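Since the structure comes first, as structure tokens, the remarks are kept for the end.
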Number of protein chains: 2
Amino acid sequence: MIDPKVVSPRHIAAALTELWSPRVVGEVDDAFVKVAKVHGALAWHSHANEDELFFVLKGHLRIEMENQSVELDEGEMFVVPKGVLHNPVAAQECHVLLIERKSTQHTGDVVTGKTRSVADQLRPL
Amino acid sequence: MIDPKVVSPRHIAAALTELWSPRVVGEVDDAFVKVAKVHGALAWHSHANEDELFFVLKGHLRIEMENQSVELDEGEMFVVPKGVLHNPVAAQECHVLLIERKSTQHTGDVVTGKTRSVADQLRPL
């Protein structure tokens with residue numbers, strides 16, 4: 001679906017103009033690689049059958065979960081296991097790389113003003 | 001299988017003492033996230049049914065393929081599509097992050113002195 005080419009997730013994320021609007025930059029088998037520019041909190045949600053990888057390209061991200069929170073600095077990653085209720089929060093602008101199954105809804109079963117369709121995330125950059 | 005925790009792929013890769021010996025630093029659904037320290041050429045090989053993502057954490061990597069080569073600088077990524085014969089080459093020491101299906105043999109069907117078993121790649125860091 002996506003032509004394989006060399007991409008710089010860091011540069012693509014930096015050029016985004018919308019917050020909380022993930023964009024697909026590649027695909028690996030049944031997963032999409034996405035980047036997003038975030039600031040503030042997304043929404044509490046979970047993905048019943050899908051893990052979700054967060055890798056911080058720039059800035060700092062806190063991932064709040066039911067029983068713990070983790071703090072990610074630039075260059076650090078964390079995988080939220082399937083089924084775990086979580087909420088990504090960035091006190092300041094943060095650029096992230098995400099790896100999610102193609103079937104994953106980025107706000108899970110929760111629909112908010114920040115929810116973006118997969119078609120929206122696949123728009124050409 | 002692997003306890004989810006915050007990891008720094010860049011720092012883990014920098015601390016590796018062996019070349020071409022990928023180590024698992026996380027898992028996302030049916031894929032492993034690995035890091036490796038590489039220098040020189042690996043081996044021409046392909047993965048019939050699996051894509052393979054390369055993300056350069058430090059240095060520069062050339063991925064030679066049947067009909068083209070791509071050059072990756074630090075922070076850049078490329079996905080080798082399934083079935084494509086390829087050979088990663090680093091003229092100088094390079095640190096990479098890889099995303100591969102758990103079933104992927106890192107040198108495909110080719111067994112060389114550099115081939116590492118999945119068990120070896122899963123050794124504790």
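Residue numbering restarts at 1 in every chain; chains get A, B, ... in the order shown in the structure tokens, and ligands count up from 1 in that same order.
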
* Close residues, Pro124 of chain B itself excluded, 9 Å, only C-alpha atoms, min 3 positions apart in chain, as a PyMOL selection string -> chain B and resi 23-24+121

Prev. selection, N, CA and C atoms, output as a PDB file, in the first residue's frame:
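Saved as part-v5.pdb:
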```
ATOM      1  N   ARG B  23      19.716  -8.051  19.719  1.00  0.00           N
ATOM      2  CA  ARG B  23      19.173  -8.383  21.049  1.00  0.00           C
ATOM      3  C   ARG B  23      17.773  -7.793  21.151  1.00  0.00           C
ATOM      4  N   VAL B  24      16.876  -8.593  21.675  1.00  0.00           N
ATOM      5  CA  VAL B  24      15.478  -8.188  21.795  1.00  0.00           C
ATOM      6  C   VAL B  24      15.323  -7.195  22.948  1.00  0.00           C
ATOM      7  N   GLN B 121      19.236 -14.172  20.759  1.00  0.00           N
ATOM      8  CA  GLN B 121      18.811 -12.769  20.687  1.00  0.00           C
ATOM      9  C   GLN B 121      17.960 -12.378  21.900  1.00  0.00           C
TER      10      GLN B 121
END
```

Give one line per residue of chain B that approaches chain A to at most 8 Å, naming the two atoms of the closest pair and their distance in Å to one decimal, counting only C-alpha atoms; sort by chain then ascending residue number and deliver it as a tab-separated table.
```
residue	atom	partner	partner_atom	distance
B:Pro4	CA	A:Val79	CA	6.1
B:Lys5	CA	A:Phe78	CA	6.0
B:Val6	CA	A:Phe78	CA	4.9
B:Val7	CA	A:Glu76	CA	5.5
B:Ser8	CA	A:Glu76	CA	4.4
B:Pro9	CA	A:Glu76	CA	6.8
B:Arg10	CA	A:Gly75	CA	6.7
B:Gly26	CA	A:Val79	CA	7.4
B:Glu27	CA	A:Val79	CA	7.4
B:Val28	CA	A:Asp51	CA	5.5
B:Asp29	CA	A:Asp51	CA	5.7
B:Glu50	CA	A:Asp29	CA	6.4
B:Asp51	CA	A:Val28	CA	5.5
B:Glu52	CA	A:Val28	CA	6.6
B:Leu53	CA	A:Val28	CA	6.7
B:Val70	CA	A:Val6	CA	7.2
B:Glu71	CA	A:Val6	CA	7.8
B:Leu72	CA	A:Val6	CA	7.0
B:Gly75	CA	A:Ser8	CA	5.9
B:Glu76	CA	A:Ser8	CA	4.4
B:Met77	CA	A:Val7	CA	5.5
B:Phe78	CA	A:Val6	CA	4.9
B:Val79	CA	A:Pro4	CA	6.1
B:Val80	CA	A:Pro4	CA	7.3
B:Pro81	CA	A:Pro4	CA	7.4
B:Ile99	CA	A:Val28	CA	7.8
```

* Would you work out the distance separating atom CA of Ala119 of chain A from atom CA of Glu64 of chain A, expressed in Å to one decimal? => 27.3 Å

Shell around Lys58 of chain A at 7 Å using only C-alpha atoms, local window under 3 positions removed, as a compact mmCIF listing (two decimals) with N, CA and C atoms, in the first residue's frame:
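This went into out.txt:
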```txt
# COMPACT_ATOMS: atom_id res chain seq x y z
N GLU A 74 13.38 11.56 25.63
CA GLU A 74 13.77 11.41 24.22
C GLU A 74 14.62 10.15 24.03
N CYS A 94 5.55 17.29 22.36
CA CYS A 94 6.34 16.07 22.31
C CYS A 94 6.10 15.40 20.96
N HIS A 95 7.15 14.81 20.38
CA HIS A 95 7.01 14.11 19.10
C HIS A 95 7.23 12.62 19.35
N VAL A 96 6.30 11.81 18.89
CA VAL A 96 6.38 10.38 19.16
C VAL A 96 6.28 9.55 17.89
```

* To do: Name the residues of segment 4-121 of chain A that come out as strand (DSSP E) in a backbone DSSP run; write them as JSON, numbers by chain.
  => {"A": [23, 24, 25, 26, 27, 28, 31, 32, 33, 34, 35, 36, 37, 38, 39, 40, 41, 52, 53, 54, 55, 56, 57, 58, 61, 62, 63, 64, 65, 69, 70, 71, 72, 77, 78, 79, 80, 86, 87, 88, 89, 90, 91, 92, 93, 94, 95, 96, 97, 98, 99, 100, 101]}

* If you count only C-alpha atoms, which residues fall within 10 Å of Thr107 of chain A, apart from same-chain ones fewer than 5 positions away, as an MDAnalysis selection string? -> chainID A and resid 42:47 86:87 112 114:117

Go ahead and dump the residues you just picked, N, CA and C atoms, as a PDB file, in the first residue's frame.
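So the final result, stored in selection.pdb, reads:
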```
ATOM      1  N   LEU A  42      -4.417  12.785  25.860  1.00  0.00           N
ATOM      2  CA  LEU A  42      -5.247  12.247  24.779  1.00  0.00           C
ATOM      3  C   LEU A  42      -6.611  11.852  25.342  1.00  0.00           C
ATOM      4  N   ALA A  43      -6.722  10.659  25.881  1.00  0.00           N
ATOM      5  CA  ALA A  43      -7.978  10.158  26.441  1.00  0.00           C
ATOM      6  C   ALA A  43      -7.678   8.791  27.048  1.00  0.00           C
ATOM      7  N   TRP A  44      -8.353   8.475  28.131  1.00  0.00           N
ATOM      8  CA  TRP A  44      -8.215   7.134  28.697  1.00  0.00           C
ATOM      9  C   TRP A  44      -8.872   6.143  27.744  1.00  0.00           C
ATOM     10  N   HIS A  45      -8.118   5.112  27.370  1.00  0.00           N
ATOM     11  CA  HIS A  45      -8.663   4.094  26.461  1.00  0.00           C
ATOM     12  C   HIS A  45      -7.788   2.846  26.534  1.00  0.00           C
ATOM     13  N   SER A  46      -8.257   1.784  25.899  1.00  0.00           N
ATOM     14  CA  SER A  46      -7.443   0.574  25.811  1.00  0.00           C
ATOM     15  C   SER A  46      -7.708  -0.101  24.476  1.00  0.00           C
ATOM     16  N   HIS A  47      -6.821  -1.007  24.124  1.00  0.00           N
ATOM     17  CA  HIS A  47      -6.965  -1.800  22.904  1.00  0.00           C
ATOM     18  C   HIS A  47      -7.004  -3.256  23.346  1.00  0.00           C
ATOM     19  N   HIS A  86      -4.960   3.158  29.341  1.00  0.00           N
ATOM     20  CA  HIS A  86      -3.837   4.094  29.386  1.00  0.00           C
ATOM     21  C   HIS A  86      -4.229   5.444  28.819  1.00  0.00           C
ATOM     22  N   ASN A  87      -3.410   6.441  29.127  1.00  0.00           N
ATOM     23  CA  ASN A  87      -3.643   7.810  28.674  1.00  0.00           C
ATOM     24  C   ASN A  87      -2.292   8.497  28.514  1.00  0.00           C
ATOM     25  N   THR A 112     -13.451  10.578  20.843  1.00  0.00           N
ATOM     26  CA  THR A 112     -13.403  11.941  21.373  1.00  0.00           C
ATOM     27  C   THR A 112     -13.170  12.889  20.212  1.00  0.00           C
ATOM     28  N   LYS A 114     -10.583  14.162  19.572  1.00  0.00           N
ATOM     29  CA  LYS A 114      -9.230  13.902  19.067  1.00  0.00           C
ATOM     30  C   LYS A 114      -9.162  12.632  18.210  1.00  0.00           C
ATOM     31  N   THR A 115     -10.235  11.875  18.154  1.00  0.00           N
ATOM     32  CA  THR A 115     -10.199  10.612  17.407  1.00  0.00           C
ATOM     33  C   THR A 115     -10.034  10.864  15.914  1.00  0.00           C
ATOM     34  N   ARG A 116      -9.092  10.154  15.299  1.00  0.00           N
ATOM     35  CA  ARG A 116      -8.832  10.282  13.866  1.00  0.00           C
ATOM     36  C   ARG A 116      -9.037   8.913  13.206  1.00  0.00           C
ATOM     37  N   SER A 117      -9.683   8.901  12.047  1.00  0.00           N
ATOM     38  CA  SER A 117      -9.888   7.646  11.326  1.00  0.00           C
ATOM     39  C   SER A 117      -8.557   7.159  10.747  1.00  0.00           C
TER      40      SER A 117
END
```

* Asked: Skipping near chain neighbours, those fewer than 5 positions away, what residues fall within 9 Å of Lys37 of chain A using only C-alpha atoms, listed as a PyMOL selection string?
  -> chain A and resi 13-22+93-96

* **Å distance separating atom CA of Arg62 of chain A from atom CA of Leu98 of chain A, one decimal place** =>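 Straight-line distance from atom CA of Arg62 of chain A to atom CA of Leu98 of chain A works out to 14.3 Å.
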
* Give the alpha helix (DSSP H) residues of chain B, as assigned by DSSP on the backbone, as a PyMOL selection string. => chain B and resi 9-15+118-121

* Interatomic distance, atom CA of Gln68 of chain A to atom CA of Leu85 of chain A (Å, one decimal) ->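 The value is 10.5 Å.
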